[in-house]
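Have a look at the structure below before the remarks.
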Amino acid sequence: EVQLVESGGGLVQPGGSLRLSCATSGFTFSNYYMNWVRQAPGKGLEWVSVITSGSSITRYAVSVKGRFTISRDNAKDTLYLEMNSLKPEDTAVYFCARDGGAPYDYWGQGTQVTVSS
């Protein structure tokens, strides 16, 4: 069974940092591109970042470029999102998603990030 489990969310002040993790199991993690996607309160899904299977290429939404860093550890089957200089508009539920088509075939349950003073 494919599983993706996010963790690391929480409440942080503007300008602060958080590191999200997505632990995976049930598939060959190193074979797949992986994404972070977020959903702010009352809004639709927003793609945040993608990383290729071997970490050679990463891409970011304009809204987070320069502040967020996606990475992965294929030995640990885990995806990460380092978030710095957080802003209130980064408040959202953050999901990791496997890039298996349509465009994503498996999602985690999400982790809440709240940026507020």
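Ordering of the structure tokens sets the chain letters (A, B, ...); residue numbers start at 1 within each chain; ligands are numbered from 1 in the order shown.
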
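The neighbours of Trp107 of chain A here are the residues that come within 9 Å of it, using only C-alpha atoms and leaving out any residue fewer than 2 positions away in the same chain; they are Gln3, Leu4, Val5, Phe95, Cys96, Ala97, Arg98, Tyr104, Asp105, Gln109 and Gly110 of chain A.
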
Selection from above, N, CA, C and O atoms, as an mmCIF file, in the first residue's frame, can you write it?
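Final file, result.cif:
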```cif
data_model
loop_
_atom_site.group_PDB
_atom_site.id
_atom_site.type_symbol
_atom_site.label_atom_id
_atom_site.label_comp_id
_atom_site.auth_asym_id
_atom_site.auth_seq_id
_atom_site.Cartn_x
_atom_site.Cartn_y
_atom_site.Cartn_z
ATOM 1 N N GLN A 3 1.855 4.856 0.826
ATOM 2 C CA GLN A 3 1.553 5.796 1.901
ATOM 3 C C GLN A 3 2.506 6.982 1.838
ATOM 4 O O GLN A 3 3.702 6.808 1.587
ATOM 5 N N LEU A 4 1.964 8.171 2.069
ATOM 6 C CA LEU A 4 2.733 9.402 2.180
ATOM 7 C C LEU A 4 2.254 10.091 3.458
ATOM 8 O O LEU A 4 1.043 10.337 3.598
ATOM 9 N N VAL A 5 3.167 10.375 4.358
ATOM 10 C CA VAL A 5 2.806 10.944 5.650
ATOM 11 C C VAL A 5 3.639 12.192 5.906
ATOM 12 O O VAL A 5 4.854 12.103 6.116
ATOM 13 N N PHE A 95 0.730 19.520 1.330
ATOM 14 C CA PHE A 95 0.639 18.122 0.942
ATOM 15 C C PHE A 95 1.864 17.727 0.129
ATOM 16 O O PHE A 95 2.321 18.496 -0.722
ATOM 17 N N CYS A 96 2.338 16.515 0.327
ATOM 18 C CA CYS A 96 3.279 15.947 -0.630
ATOM 19 C C CYS A 96 2.478 15.075 -1.589
ATOM 20 O O CYS A 96 1.446 14.496 -1.220
ATOM 21 N N ALA A 97 2.937 15.007 -2.822
ATOM 22 C CA ALA A 97 2.189 14.292 -3.847
ATOM 23 C C ALA A 97 3.151 13.600 -4.797
ATOM 24 O O ALA A 97 4.123 14.206 -5.255
ATOM 25 N N ARG A 98 2.849 12.362 -5.101
ATOM 26 C CA ARG A 98 3.670 11.595 -6.030
ATOM 27 C C ARG A 98 3.284 11.930 -7.465
ATOM 28 O O ARG A 98 2.093 11.988 -7.816
ATOM 29 N N TYR A 104 -1.060 13.971 -10.259
ATOM 30 C CA TYR A 104 -0.524 13.292 -9.092
ATOM 31 C C TYR A 104 -1.420 12.100 -8.772
ATOM 32 O O TYR A 104 -2.647 12.222 -8.803
ATOM 33 N N ASP A 105 -0.829 10.977 -8.453
ATOM 34 C CA ASP A 105 -1.656 9.795 -8.219
ATOM 35 C C ASP A 105 -1.809 9.443 -6.748
ATOM 36 O O ASP A 105 -2.774 8.752 -6.381
ATOM 37 N N GLN A 109 -1.862 13.170 3.777
ATOM 38 C CA GLN A 109 -3.028 13.730 4.460
ATOM 39 C C GLN A 109 -2.855 15.226 4.734
ATOM 40 O O GLN A 109 -3.826 15.908 5.074
ATOM 41 N N GLY A 110 -1.652 15.723 4.589
ATOM 42 C CA GLY A 110 -1.386 17.141 4.772
ATOM 43 C C GLY A 110 -0.912 17.492 6.170
ATOM 44 O O GLY A 110 -1.197 16.785 7.139
#
```

Non-local contacts of segment 7-16 of chain A (9 Å; only C-alpha atoms; under 3 positions in same chain excluded) as number ranges by chain: A: 19-23, 83-88, 93-94, 110-117

Shell of 10 Å around Thr28 of chain A, only C-alpha atoms, local chain residues under 6 positions omitted, as a list in words: Val2, Asn74 and Asp77 of chain A

Those of segment 55-93 of chain A in DSSP strand (DSSP E), formatted as an NGL selection string: :A and (58-60 or 68-73 or 78-83 or 92-93)

Same residues, N, CA, C and O atoms, output as an mmCIF file, in the first residue's frame:
```cif
data_model
loop_
_atom_site.group_PDB
_atom_site.id
_atom_site.type_symbol
_atom_site.label_atom_id
_atom_site.label_comp_id
_atom_site.auth_asym_id
_atom_site.auth_seq_id
_atom_site.Cartn_x
_atom_site.Cartn_y
_atom_site.Cartn_z
ATOM 1 N N THR A 58 15.131 20.913 -9.624
ATOM 2 C CA THR A 58 14.061 21.377 -8.753
ATOM 3 C C THR A 58 13.413 22.600 -9.384
ATOM 4 O O THR A 58 14.068 23.375 -10.099
ATOM 5 N N ARG A 59 12.155 22.777 -9.126
ATOM 6 C CA ARG A 59 11.408 23.941 -9.620
ATOM 7 C C ARG A 59 10.508 24.447 -8.511
ATOM 8 O O ARG A 59 10.047 23.678 -7.673
ATOM 9 N N TYR A 60 10.235 25.759 -8.559
ATOM 10 C CA TYR A 60 9.451 26.385 -7.501
ATOM 11 C C TYR A 60 8.417 27.335 -8.071
ATOM 12 O O TYR A 60 8.643 27.963 -9.109
ATOM 13 N N PHE A 68 11.960 28.839 -0.188
ATOM 14 C CA PHE A 68 11.733 27.418 0.090
ATOM 15 C C PHE A 68 12.766 26.578 -0.660
ATOM 16 O O PHE A 68 13.184 26.934 -1.767
ATOM 17 N N THR A 69 13.115 25.435 -0.067
ATOM 18 C CA THR A 69 14.032 24.494 -0.708
ATOM 19 C C THR A 69 13.471 23.083 -0.588
ATOM 20 O O THR A 69 13.224 22.608 0.527
ATOM 21 N N ILE A 70 13.283 22.445 -1.727
ATOM 22 C CA ILE A 70 12.823 21.060 -1.740
ATOM 23 C C ILE A 70 14.043 20.150 -1.818
ATOM 24 O O ILE A 70 15.037 20.475 -2.473
ATOM 25 N N SER A 71 13.966 19.015 -1.146
ATOM 26 C CA SER A 71 15.044 18.040 -1.201
ATOM 27 C C SER A 71 14.464 16.655 -0.906
ATOM 28 O O SER A 71 13.298 16.539 -0.511
ATOM 29 N N ARG A 72 15.284 15.669 -1.099
ATOM 30 C CA ARG A 72 14.842 14.301 -0.842
ATOM 31 C C ARG A 72 16.017 13.446 -0.418
ATOM 32 O O ARG A 72 17.162 13.726 -0.775
ATOM 33 N N ASP A 73 15.720 12.396 0.319
ATOM 34 C CA ASP A 73 16.712 11.409 0.707
ATOM 35 C C ASP A 73 16.175 10.063 0.227
ATOM 36 O O ASP A 73 15.296 9.472 0.871
ATOM 37 N N THR A 78 12.219 9.677 1.841
ATOM 38 C CA THR A 78 11.631 10.851 2.476
ATOM 39 C C THR A 78 11.866 12.101 1.647
ATOM 40 O O THR A 78 12.966 12.312 1.130
ATOM 41 N N LEU A 79 10.821 12.906 1.571
ATOM 42 C CA LEU A 79 10.838 14.191 0.882
ATOM 43 C C LEU A 79 10.817 15.295 1.925
ATOM 44 O O LEU A 79 10.185 15.142 2.980
ATOM 45 N N TYR A 80 11.474 16.410 1.626
ATOM 46 C CA TYR A 80 11.546 17.525 2.571
ATOM 47 C C TYR A 80 11.173 18.840 1.886
ATOM 48 O O TYR A 80 11.293 18.995 0.673
ATOM 49 N N LEU A 81 10.739 19.792 2.719
ATOM 50 C CA LEU A 81 10.558 21.163 2.259
ATOM 51 C C LEU A 81 11.052 22.074 3.371
ATOM 52 O O LEU A 81 10.437 22.148 4.434
ATOM 53 N N GLU A 82 12.169 22.748 3.104
ATOM 54 C CA GLU A 82 12.707 23.731 4.032
ATOM 55 C C GLU A 82 12.082 25.072 3.685
ATOM 56 O O GLU A 82 12.185 25.532 2.537
ATOM 57 N N MET A 83 11.425 25.684 4.668
ATOM 58 C CA MET A 83 10.713 26.936 4.429
ATOM 59 C C MET A 83 11.297 28.023 5.314
ATOM 60 O O MET A 83 11.276 27.895 6.549
ATOM 61 N N ALA A 92 -1.229 27.556 5.143
ATOM 62 C CA ALA A 92 -1.925 26.590 4.297
ATOM 63 C C ALA A 92 -1.720 25.189 4.866
ATOM 64 O O ALA A 92 -0.888 24.973 5.748
ATOM 65 N N VAL A 93 -2.488 24.267 4.323
ATOM 66 C CA VAL A 93 -2.196 22.849 4.518
ATOM 67 C C VAL A 93 -1.255 22.442 3.388
ATOM 68 O O VAL A 93 -1.531 22.701 2.217
#
```

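Counting only C-alpha atoms, the residue from A:Ser56, A:Ile51, A:Val37, A:Tyr32 that sits nearest to Gly100 of chain A is A:Tyr32.
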
Nearest to Thr91 of chain A, chosen from A:Met34, A:Gln39, A:Thr24, A:Gly44, with only C-alpha atoms counted in the distances: A:Gln39

Distance criterion (only C-alpha atoms): nearest to Phe27 of chain A out of A:Glu1, A:Ser53, A:Lys76, A:Lys65: A:Glu1

Per-residue DSSP, chain A, filtered to helix (DSSP H, G or I), as a PyMOL selection string: chain A and resi 29-31+88-90

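What separates atom CA of Asp90 of chain A from atom CA of Ala40 of chain A is a distance of 7.6 Å.
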
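Interatomic distance, atom CA of Ser30 of chain A against atom CA of Gly54 of chain A: 6.9 Å.
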